[in-house]
Structure formats: C-alpha cells, structure tokens
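Novice: Following this line is entry_17.cif, made up of mmCIF, C-alpha atoms and all ligand atoms:
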```cif
data_data
loop_
_atom_site.group_PDB
_atom_site.id
_atom_site.type_symbol
_atom_site.label_atom_id
_atom_site.label_comp_id
_atom_site.auth_asym_id
_atom_site.auth_seq_id
_atom_site.Cartn_x
_atom_site.Cartn_y
_atom_site.Cartn_z
ATOM 1 C CA MET A 5 83.486 88.390 98.553
ATOM 2 C CA SER A 6 86.042 90.992 99.458
ATOM 3 C CA TYR A 7 87.022 91.199 103.077
ATOM 4 C CA ALA A 8 88.635 94.570 102.716
ATOM 5 C CA SER A 9 85.706 96.459 101.256
ATOM 6 C CA PRO A 10 85.385 100.207 101.777
ATOM 7 C CA HIS A 11 82.530 99.482 104.157
ATOM 8 C CA PHE A 12 85.116 98.664 106.758
ATOM 9 C CA GLU A 13 86.610 102.134 106.645
ATOM 10 C CA PRO A 14 85.162 103.874 109.660
ATOM 11 C CA PRO A 15 84.233 107.518 109.450
ATOM 12 C CA ARG A 16 87.135 109.386 110.975
ATOM 13 C CA PRO A 17 86.761 111.375 114.151
ATOM 14 C CA ARG A 18 86.307 115.097 113.678
ATOM 15 C CA ARG A 19 88.543 115.913 116.581
ATOM 16 C CA ARG A 20 91.506 116.679 114.352
ATOM 17 C CA SER A 21 89.591 119.317 112.415
ATOM 18 C CA LEU A 22 88.562 120.920 115.704
ATOM 19 C CA VAL A 23 92.190 121.124 116.802
ATOM 20 C CA VAL A 24 93.212 122.600 113.461
ATOM 21 C CA GLY A 25 90.339 125.048 113.672
ATOM 22 C CA LEU A 26 91.448 126.214 117.084
ATOM 23 C CA ALA A 27 95.024 126.505 115.942
ATOM 24 C CA VAL A 28 93.936 128.784 113.134
ATOM 25 C CA LEU A 29 91.797 130.887 115.410
ATOM 26 C CA VAL A 30 94.277 131.247 118.238
ATOM 27 C CA PRO A 31 97.090 133.699 117.453
ATOM 28 C CA GLY A 32 100.689 133.442 118.578
ATOM 29 C CA ALA A 33 100.083 135.474 121.712
ATOM 30 C CA LEU A 34 98.394 132.433 123.195
ATOM 31 C CA LEU A 35 101.238 130.105 122.405
ATOM 32 C CA GLY A 36 102.565 130.012 125.958
ATOM 33 C CA TRP A 37 99.190 129.049 127.308
ATOM 34 C CA LEU A 38 98.846 126.338 124.721
ATOM 35 C CA VAL A 39 102.292 124.992 125.581
ATOM 36 C CA TYR A 40 101.232 124.880 129.203
ATOM 37 C CA GLU A 41 98.098 123.033 128.229
ATOM 38 C CA GLY A 42 100.107 120.575 126.221
ATOM 39 C CA VAL A 43 102.683 119.966 128.937
ATOM 40 C CA GLY A 44 100.669 119.877 132.110
ATOM 41 C CA GLY A 45 97.112 120.999 131.637
ATOM 42 C CA ALA A 46 95.732 117.680 130.556
ATOM 43 C CA ALA A 47 97.294 115.581 133.267
ATOM 44 C CA ASP A 48 94.325 115.806 135.573
ATOM 45 C CA GLY A 49 91.879 115.236 132.800
ATOM 46 C CA GLY A 50 90.444 118.698 133.354
ATOM 47 C CA PRO A 51 90.425 121.453 130.815
ATOM 48 C CA SER A 52 92.863 123.895 132.278
ATOM 49 C CA GLY A 53 93.201 123.690 136.044
ATOM 50 C CA SER A 54 92.680 126.674 138.343
ATOM 51 C CA ALA A 55 93.971 130.156 137.651
ATOM 52 C CA ALA A 56 96.325 129.786 140.619
ATOM 53 C CA THR A 57 97.735 126.591 139.158
ATOM 54 C CA ARG A 58 98.254 128.231 135.836
ATOM 55 C CA ALA A 59 99.988 131.204 137.499
ATOM 56 C CA ALA A 60 102.251 128.857 139.422
ATOM 57 C CA ALA A 61 103.193 127.235 136.167
ATOM 58 C CA GLY A 62 104.266 130.590 134.822
ATOM 59 C CA ALA A 63 101.617 130.907 132.162
ATOM 60 C CA THR A 64 99.247 133.813 131.846
ATOM 61 C CA PRO A 65 95.812 132.560 130.956
ATOM 62 C CA PRO A 66 94.170 134.813 128.421
ATOM 63 C CA ALA A 67 90.414 135.088 128.348
ATOM 64 C CA VAL A 68 89.716 133.475 125.009
ATOM 65 C CA PRO A 69 91.152 130.016 125.689
ATOM 66 C CA SER A 70 88.936 129.567 128.704
ATOM 67 C CA THR A 71 86.127 129.530 126.191
ATOM 68 C CA ALA A 72 88.021 126.992 124.142
ATOM 69 C CA ALA A 73 88.651 124.992 127.289
ATOM 70 C CA ASP A 74 84.985 125.093 128.120
ATOM 71 C CA VAL A 75 84.221 123.729 124.686
ATOM 72 C CA LYS A 76 86.740 120.974 125.266
ATOM 73 C CA GLU A 77 85.154 120.097 128.595
ATOM 74 C CA VAL A 78 81.611 120.081 127.280
ATOM 75 C CA GLY A 79 82.662 118.094 124.228
ATOM 76 C CA ALA A 80 84.574 115.390 126.096
ATOM 77 C CA PRO A 81 82.404 114.049 128.904
ATOM 78 C CA LEU A 82 84.061 110.636 128.655
ATOM 79 C CA ARG A 83 87.639 111.856 129.017
ATOM 80 C CA GLY A 84 89.512 109.299 131.131
ATOM 81 C CA LYS A 85 86.921 106.586 130.500
ATOM 82 C CA VAL A 86 87.796 103.346 128.739
ATOM 83 C CA VAL A 87 85.206 101.582 126.608
ATOM 84 C CA VAL A 88 85.850 98.220 124.999
ATOM 85 C CA ILE A 89 83.708 97.305 122.003
ATOM 86 C CA ASP A 90 83.470 93.625 121.158
ATOM 87 C CA PRO A 91 82.348 93.073 117.559
ATOM 88 C CA GLY A 92 80.761 89.615 117.720
ATOM 89 C CA HIS A 93 82.286 86.764 115.690
ATOM 90 C CA ASN A 94 84.835 87.262 112.902
ATOM 91 C CA LEU A 95 84.345 87.411 109.142
ATOM 92 C CA THR A 96 86.825 84.600 108.503
ATOM 93 C CA ASN A 97 85.892 82.299 111.390
ATOM 94 C CA PHE A 98 84.328 79.939 108.845
ATOM 95 C CA ARG A 99 87.756 79.228 107.396
ATOM 96 C CA HIS A 100 89.071 78.101 110.787
ATOM 97 C CA THR A 101 86.584 75.515 111.942
ATOM 98 C CA ALA A 102 89.047 73.502 114.025
ATOM 99 C CA GLU A 103 90.341 76.556 115.864
ATOM 100 C CA ILE A 104 86.951 78.058 116.673
ATOM 101 C CA ASN A 105 85.492 74.717 117.738
ATOM 102 C CA ARG A 106 88.221 74.247 120.336
ATOM 103 C CA LYS A 107 86.624 74.267 123.784
ATOM 104 C CA VAL A 108 87.538 76.949 126.295
ATOM 105 C CA ASP A 109 86.751 77.204 130.011
ATOM 106 C CA ILE A 110 83.886 79.633 130.755
ATOM 107 C CA GLY A 111 83.558 78.792 134.442
ATOM 108 C CA THR A 112 80.197 77.037 134.274
ATOM 109 C CA ASN A 113 81.397 74.622 131.594
ATOM 110 C CA ARG A 114 83.513 74.413 128.470
ATOM 111 C CA LYS A 115 82.302 76.001 125.275
ATOM 112 C CA GLU A 116 83.458 76.638 121.702
ATOM 113 C CA CYS A 117 86.183 79.262 121.318
ATOM 114 C CA ASP A 118 83.965 81.258 118.982
ATOM 115 C CA THR A 119 81.211 80.798 116.410
ATOM 116 C CA THR A 120 80.700 81.961 112.842
ATOM 117 C CA GLY A 121 77.582 83.948 113.645
ATOM 118 C CA THR A 122 74.518 84.216 111.454
ATOM 119 C CA SER A 123 73.656 86.148 108.305
ATOM 120 C CA THR A 124 70.642 87.575 106.507
ATOM 121 C CA ASN A 125 68.942 85.370 103.935
ATOM 122 C CA SER A 126 70.703 87.395 101.243
ATOM 123 C CA GLY A 127 74.104 86.642 102.785
ATOM 124 C CA TYR A 128 74.955 89.784 104.756
ATOM 125 C CA ALA A 129 77.085 88.345 107.544
ATOM 126 C CA GLU A 130 76.546 89.106 111.199
ATOM 127 C CA ALA A 131 80.318 89.552 111.554
ATOM 128 C CA LYS A 132 80.230 92.273 108.902
ATOM 129 C CA PHE A 133 77.361 93.980 110.700
ATOM 130 C CA THR A 134 79.035 93.846 114.107
ATOM 131 C CA LEU A 135 82.295 95.317 112.850
ATOM 132 C CA ASP A 136 80.538 98.118 110.981
ATOM 133 C CA VAL A 137 78.486 99.114 114.023
ATOM 134 C CA ALA A 138 81.632 98.852 116.168
ATOM 135 C CA HIS A 139 83.451 101.308 113.910
ATOM 136 C CA ARG A 140 80.573 103.758 113.997
ATOM 137 C CA LEU A 141 80.296 103.399 117.770
ATOM 138 C CA ARG A 142 84.032 103.910 118.225
ATOM 139 C CA THR A 143 83.872 107.179 116.312
ATOM 140 C CA LEU A 144 80.964 108.436 118.407
ATOM 141 C CA LEU A 145 82.597 107.498 121.706
ATOM 142 C CA GLU A 146 85.976 108.965 120.755
ATOM 143 C CA ARG A 147 84.207 112.231 119.939
ATOM 144 C CA GLN A 148 83.000 112.167 123.543
ATOM 145 C CA GLY A 149 86.595 111.819 124.728
ATOM 146 C CA ALA A 150 86.565 108.101 125.570
ATOM 147 C CA THR A 151 89.493 105.788 125.025
ATOM 148 C CA VAL A 152 88.082 102.996 122.881
ATOM 149 C CA LYS A 153 89.478 99.559 122.210
ATOM 150 C CA LEU A 154 88.072 96.856 119.932
ATOM 151 C CA THR A 155 88.532 93.159 120.723
ATOM 152 C CA GLN A 156 89.030 92.527 117.013
ATOM 153 C CA ASP A 157 89.134 94.815 114.019
ATOM 154 C CA GLY A 158 89.134 92.419 111.106
ATOM 155 C CA ASP A 159 92.806 91.941 111.905
ATOM 156 C CA ARG A 160 92.755 88.304 113.008
ATOM 157 C CA PRO A 161 92.180 85.126 111.019
ATOM 158 C CA TYR A 162 89.628 83.982 113.600
ATOM 159 C CA GLY A 163 88.252 84.812 117.033
ATOM 160 C CA PRO A 164 89.353 85.965 119.489
ATOM 161 C CA CYS A 165 87.953 83.170 121.614
ATOM 162 C CA VAL A 166 85.200 84.196 123.992
ATOM 163 C CA ASP A 167 87.474 83.900 127.020
ATOM 164 C CA GLU A 168 90.024 86.185 125.414
ATOM 165 C CA ARG A 169 87.301 88.643 124.458
ATOM 166 C CA ALA A 170 86.441 88.896 128.147
ATOM 167 C CA ARG A 171 90.090 89.193 129.157
ATOM 168 C CA ILE A 172 90.614 92.094 126.735
ATOM 169 C CA GLY A 173 87.950 94.105 128.561
ATOM 170 C CA ASN A 174 89.334 93.089 131.928
ATOM 171 C CA GLY A 175 92.919 93.903 130.971
ATOM 172 C CA ALA A 176 91.898 97.325 129.668
ATOM 173 C CA HIS A 177 90.188 98.011 133.020
ATOM 174 C CA ALA A 178 87.231 99.035 130.909
ATOM 175 C CA ASP A 179 84.555 101.190 132.482
ATOM 176 C CA ALA A 180 82.062 99.551 130.121
ATOM 177 C CA VAL A 181 82.121 96.783 127.526
ATOM 178 C CA VAL A 182 79.489 96.189 124.873
ATOM 179 C CA SER A 183 79.497 93.099 122.684
ATOM 180 C CA ILE A 184 77.639 93.708 119.430
ATOM 181 C CA HIS A 185 75.563 91.034 117.725
ATOM 182 C CA ALA A 186 72.506 90.408 115.570
ATOM 183 C CA ASP A 187 70.397 87.335 116.121
ATOM 184 C CA GLY A 188 69.580 84.359 113.938
ATOM 185 C CA ALA A 189 66.050 83.520 115.097
ATOM 186 C CA PRO A 190 63.091 82.338 112.988
ATOM 187 C CA ALA A 191 61.336 84.779 110.647
ATOM 188 C CA GLY A 192 58.674 86.737 112.489
ATOM 189 C CA ASP A 193 60.881 87.097 115.539
ATOM 190 C CA ARG A 194 61.757 90.762 115.614
ATOM 191 C CA GLY A 195 63.387 93.478 117.657
ATOM 192 C CA TYR A 196 66.436 94.051 119.812
ATOM 193 C CA HIS A 197 67.430 92.732 123.194
ATOM 194 C CA VAL A 198 70.295 93.341 125.564
ATOM 195 C CA ILE A 199 71.846 90.373 127.360
ATOM 196 C CA LEU A 200 72.921 90.910 130.958
ATOM 197 C CA PRO A 201 75.326 88.724 132.930
ATOM 198 C CA GLY A 202 73.600 86.549 135.508
ATOM 199 C CA ARG A 203 75.135 85.737 138.861
ATOM 200 C CA VAL A 204 77.847 83.127 138.360
ATOM 201 C CA HIS A 205 80.396 82.027 140.940
ATOM 202 C CA LYS A 206 81.918 78.837 139.673
ATOM 203 C CA GLY A 207 85.377 77.827 138.567
ATOM 204 C CA ILE A 208 87.175 80.762 136.981
ATOM 205 C CA ALA A 209 83.940 82.733 136.640
ATOM 206 C CA ASP A 210 82.786 85.253 139.222
ATOM 207 C CA THR A 211 80.262 87.826 138.042
ATOM 208 C CA ARG A 212 79.024 88.840 141.474
ATOM 209 C CA LYS A 213 80.573 92.304 141.297
ATOM 210 C CA ILE A 214 79.434 93.090 137.781
ATOM 211 C CA VAL A 215 75.813 91.927 137.863
ATOM 212 C CA ALA A 216 74.409 95.206 139.201
ATOM 213 C CA PRO A 217 76.476 97.695 137.156
ATOM 214 C CA SER A 218 76.021 95.599 134.024
ATOM 215 C CA ALA A 219 72.254 95.620 134.536
ATOM 216 C CA ALA A 220 72.368 99.409 134.862
ATOM 217 C CA LEU A 221 74.431 99.657 131.681
ATOM 218 C CA GLY A 222 72.128 97.263 129.849
ATOM 219 C CA ARG A 223 68.932 99.058 130.804
ATOM 220 C CA LEU A 224 70.332 102.378 129.561
ATOM 221 C CA VAL A 225 71.640 100.884 126.327
ATOM 222 C CA ALA A 226 68.311 99.158 125.648
ATOM 223 C CA LYS A 227 66.321 102.324 126.289
ATOM 224 C CA ASP A 228 68.508 104.551 124.140
ATOM 225 C CA PHE A 229 68.825 101.941 121.400
ATOM 226 C CA GLY A 230 65.067 101.695 121.072
ATOM 227 C CA ARG A 231 64.645 105.442 120.949
ATOM 228 C CA ALA A 232 67.504 106.072 118.512
ATOM 229 C CA THR A 233 66.515 103.321 116.079
ATOM 230 C CA GLY A 234 62.745 103.606 116.450
ATOM 231 C CA THR A 235 62.541 99.829 116.858
ATOM 232 C CA SER A 236 60.813 97.776 119.521
ATOM 233 C CA PRO A 237 62.194 95.391 122.105
ATOM 234 C CA SER A 238 62.298 91.747 121.102
ATOM 235 C CA ASN A 239 58.942 90.043 120.606
ATOM 236 C CA TYR A 240 60.499 86.634 121.354
ATOM 237 C CA ILE A 241 62.872 87.140 124.303
ATOM 238 C CA GLY A 242 62.547 89.186 127.492
ATOM 239 C CA ASP A 243 58.756 89.563 127.734
ATOM 240 C CA GLY A 244 58.819 92.948 126.062
ATOM 241 C CA THR A 245 61.547 94.389 128.284
ATOM 242 C CA GLY A 246 64.333 94.103 125.714
ATOM 243 C CA LEU A 247 66.431 92.517 128.454
ATOM 244 C CA ASP A 248 67.580 88.935 128.958
ATOM 245 C CA THR A 249 69.861 87.547 131.657
ATOM 246 C CA ARG A 250 72.169 84.630 130.840
ATOM 247 C CA THR A 251 74.802 82.559 132.590
ATOM 248 C CA ASP A 252 75.946 80.497 129.605
ATOM 249 C CA LEU A 253 78.030 83.074 127.739
ATOM 250 C CA GLY A 254 81.768 82.999 128.331
ATOM 251 C CA GLY A 255 82.134 86.613 127.290
ATOM 252 C CA LEU A 256 79.927 87.614 130.220
ATOM 253 C CA ASN A 257 80.839 84.908 132.736
ATOM 254 C CA LEU A 258 84.518 85.790 132.593
ATOM 255 C CA SER A 259 84.134 89.559 132.625
ATOM 256 C CA THR A 260 85.267 91.439 135.702
ATOM 257 C CA VAL A 261 84.074 94.790 134.345
ATOM 258 C CA PRO A 262 80.522 95.946 133.497
ATOM 259 C CA LYS A 263 79.554 94.254 130.264
ATOM 260 C CA VAL A 264 76.493 93.525 128.159
ATOM 261 C CA PHE A 265 75.699 92.004 124.776
ATOM 262 C CA ILE A 266 73.234 93.604 122.415
ATOM 263 C CA GLU A 267 71.363 91.666 119.752
ATOM 264 C CA CYS A 268 70.414 94.551 117.496
ATOM 265 C CA GLY A 269 67.749 92.681 115.550
ATOM 266 C CA ASN A 270 66.995 89.377 113.865
ATOM 267 C CA MET A 271 68.935 88.831 110.654
ATOM 268 C CA ARG A 272 66.584 86.013 109.605
ATOM 269 C CA ASP A 273 63.506 88.209 109.602
ATOM 270 C CA SER A 274 63.112 90.142 106.348
ATOM 271 C CA LYS A 275 61.830 93.326 108.010
ATOM 272 C CA ASP A 276 64.631 93.362 110.578
ATOM 273 C CA ALA A 277 67.131 92.444 107.847
ATOM 274 C CA ALA A 278 66.089 95.490 105.838
ATOM 275 C CA LEU A 279 67.122 97.613 108.827
ATOM 276 C CA LEU A 280 70.307 95.741 109.664
ATOM 277 C CA THR A 281 71.587 96.043 106.086
ATOM 278 C CA SER A 282 70.998 99.807 105.994
ATOM 279 C CA GLY A 283 74.016 101.977 106.759
ATOM 280 C CA ALA A 284 71.750 104.795 107.900
ATOM 281 C CA TRP A 285 70.039 102.457 110.362
ATOM 282 C CA ARG A 286 73.364 101.102 111.618
ATOM 283 C CA GLN A 287 74.380 104.683 112.355
ATOM 284 C CA LYS A 288 71.240 105.065 114.467
ATOM 285 C CA ALA A 289 72.063 101.784 116.182
ATOM 286 C CA ALA A 290 75.561 103.013 117.033
ATOM 287 C CA GLN A 291 74.114 106.326 118.216
ATOM 288 C CA GLY A 292 71.696 104.577 120.546
ATOM 289 C CA ILE A 293 74.370 102.320 122.029
ATOM 290 C CA SER A 294 76.686 105.301 122.432
ATOM 291 C CA GLU A 295 74.041 107.329 124.255
ATOM 292 C CA GLY A 296 73.382 104.444 126.624
ATOM 293 C CA ILE A 297 77.078 104.129 127.408
ATOM 294 C CA VAL A 298 77.425 107.877 127.934
ATOM 295 C CA SER A 299 74.437 107.881 130.305
ATOM 296 C CA PHE A 300 75.941 104.981 132.252
ATOM 297 C CA LEU A 301 79.428 106.479 132.507
ATOM 298 C CA ARG A 302 78.245 109.956 133.452
ATOM 299 C CA GLY A 303 76.156 108.437 136.250
HETATM 300 ZN ZN ZN A 401 76.268 86.798 117.454
#
```
Please, can you express the file's structure as structure tokens?
Specialist:
Amino acid sequence: MSYASPHFEPPRPRRRSLVVGLAVLVPGALLGWLVYEGVGGAADGGPSGSAATRAAAGATPPAVPSTAADVKEVGAPLRGKVVVIDPGHNLTNFRHTAEINRKVDIGTNRKECDTTGTSTNSGYAEAKFTLDVAHRLRTLLERQGATVKLTQDGDRPYGPCVDERARIGNGAHADAVVSIHADGAPAGDRGYHVILPGRVHKGIADTRKIVAPSAALGRLVAKDFGRATGTSPSNYIGDGTGLDTRTDLGGLNLSTVPKVFIECGNMRDSKDAALLTSGAWRQKAAQGISEGIVSFLRG
C-alpha cells in the first residue's frame, strides 16, 4: 500500500485565483489603494477601515474596491479565527507499536499514547479517512478566512500522542478544535456521533471552562453533519441525539480550548462503509463539519 497516494493531495484553496482575478480587473489607478490595503488595511482584520482612516493614510479610496472589499468581508467570516483539525490516528502507527503503547498522563489516569484506529472490512483505514476529511475541511475553512492547523498531516512516523494532540490545540489558542474519527463498532451499528468533553478536574486535566462551549460546538457540528451528509445520528450511542459525553479521552481531558470528536460513521458496517469510502460523501462530511464550526464561531 502506498502511503503517498494522490488521495492525500488536498484540493487547493481557490483564494489565489480570486486574488489573481481581482488583480486583472483592477487597473493601475487603484494601485495606491491596494498598497495601502497591503500595508495597513488588513491589520485590524477588517476589509478597509473607515474613509477617514484611509484619508489619514494618504490613500484615496476609489469606489470600485469598496465592492471588492465587501466581497472579501462576506467571503471571509472566519478571518482572525484559528481552527485546529485533529485527524485521528496515523497511517503508520501500526509500525510503531512500542511508541504508541507508551502510557501518557490524561489527568484521570494513564492511557496509550495513540492507537492504530480501525478500518473497513475491505481494508480502508480509519487513519486514511480522517486525513482525507481533514484536508477537505481545511480547504473549506481556509476559504472562509480561518487559520487552520492540523495536528498531523501524514508527516510523522506515529502519533502524535493524545496529550500532544491536545497541547497543539491549546498552544495554537484555537477557537475550535475538531478531532475526526470513524468508529469500529459491530455491523448493524450505524450513524454518526459527536463526543463532548465531560467535566474533569483531576491531575493535569481541567475541562471546567470548555464543557459548555464544547457542547455548543458539538451540537452545531452534529446538526450540520447530519443535514449535509443525509445520515442519521448513531443508533448505538447517544439515544438518538448524536451526542455522547466522555471523560476518558486524553484529547478532550487535556484541552483548554473548545473541542469535540466526531465519529463520522461505523467502518465495520457495510452500509456505513460504502459512505465512508466515497470521496463525494467525505466532501459532504467535511462540508457539514465546516458549517457547524462556522455557526459556532460566528455566534
Ligand atoms: Zn478513531
């Protein structure tokens, strides 16, 4: 099996073509305004600042760019927001058994650094699924103006460990973190569920400040995921709500920023597996997660 297949190439953001398009459309007379935009206009995260500000900066704002600026504003609702995507597991964890079995402190107890994850019966690995959805999600969120960071991008031999996965979100001061997974439950168990951090205040874990915002994030992600994918909440966890609260996951226990896991479906059920192995369905999955995050961050 190749671990550098073309499937890992994410679709590139379209932002560059937009910039080029604007550059073609905007003649040289607007150059001064554009220079102003480049030097100082973006500092406040806004599109162009007030007319008075622009005048003080010595630039004359022509009428046309305000339209362009409006487009920029409408098209970048997540400007200034940081989203960390955590693609569950790692494609080559299975080659590093000793390393991933090493116990790490998750506050409530000690737990394996990481796990290999599951796969479909035909051998499509969960780690391959999570990274593919992460790439699609990154593209969608970057189009909305978010700064996006992945905890791993197929660039590590194993892991990161669950405690480090949490620390990456914390260190990035993420406004939202979503850990992407697919489940390995018995056949017949179907549907998605979102895992929320429970209240933990023990050892190095303290989730008290993130329980409420994470629940808000999780509810929105679950709702939008169901709508975008046309699938139902889990029939085996969460009593039909698509939500489950846990206190045994290091990635949640150690987070200090709003964070949820999503189990997108059950890889061991043939009907769910048919969805999870479809690129078109994974795009819908990423779209649903993205919409939930956008709803959460826009408030
Ligand atoms: Zn998993």
Novice: With the file shown as input, list the residues that the PyMOL selection byres (((not hetatm)) within 7 of (chain A and resi 401)) selects, as a list in words.
Specialist: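 Output from the PyMOL selection byres (((not hetatm)) within 7 of (chain A and resi 401)), applied to this file: Gly92, His93, Gly121, Thr122, Glu130, His185, Ala186 and Asp187 of chain A.
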Novice: I need the chosen residues saved as a compact mmCIF listing (two decimals), in the frame of the given file, with C-alpha atoms.
Specialist:
```txt
# COMPACT_ATOMS: atom_id res chain seq x y z
CA GLY A 92 80.76 89.62 117.72
CA HIS A 93 82.29 86.76 115.69
CA GLY A 121 77.58 83.95 113.64
CA THR A 122 74.52 84.22 111.45
CA GLU A 130 76.55 89.11 111.20
CA HIS A 185 75.56 91.03 117.72
CA ALA A 186 72.51 90.41 115.57
CA ASP A 187 70.40 87.34 116.12
```
Novice: Where does the PyMOL selection byres (((chain A and resi 131-133) around 6) and not hetatm) land in this file, that is, which residues does it pick, as a count of residues only?
Specialist: 8
Novice: Got a sec to resolve the PyMOL selection byres (((chain A and resi 112) around 8) and not hetatm) on this structure and send the residues as a CSV table (one decimal) with C-alpha atoms, keeping the file's coordinate frame?
Specialist:
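Generated output (result.csv):
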```csv
chain,number,residue,atom,x,y,z
A,109,ASP,CA,86.8,77.2,130.0
A,110,ILE,CA,83.9,79.6,130.8
A,111,GLY,CA,83.6,78.8,134.4
A,113,ASN,CA,81.4,74.6,131.6
A,114,ARG,CA,83.5,74.4,128.5
A,204,VAL,CA,77.8,83.1,138.4
A,206,LYS,CA,81.9,78.8,139.7
A,207,GLY,CA,85.4,77.8,138.6
A,209,ALA,CA,83.9,82.7,136.6
A,251,THR,CA,74.8,82.6,132.6
A,252,ASP,CA,75.9,80.5,129.6
```
Novice: May I ask for the distance between CA of Ile241 in chain A and CA of Phe265 in chain A, given in Å to one decimal place?
Specialist: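 Distance reported for this atom pair: 13.7 Å.
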Novice: When you count only C-alpha atoms, which of these residues is closest to Gly246 in chain A: A:Arg203, A:Lys275, A:Lys263, A:Arg194?
Specialist: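 Selected residue with least distance to Gly246 in chain A: A:Arg194.
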Novice: Give me the residues within 10 Å of Asn270 in chain A as a PyMOL selection string, counting all atoms listed in the file and dropping any in the same chain fewer than 3 places off.
Specialist: chain A and resi 122-124+130+185-197+238+267+273-277+279-280
Novice: Would you work out the distance separating CA of Ile199 in chain A from CA of Lys288 in chain A, expressed in Å to one decimal?
Specialist: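 Here the two named atoms are 19.6 Å from each other.
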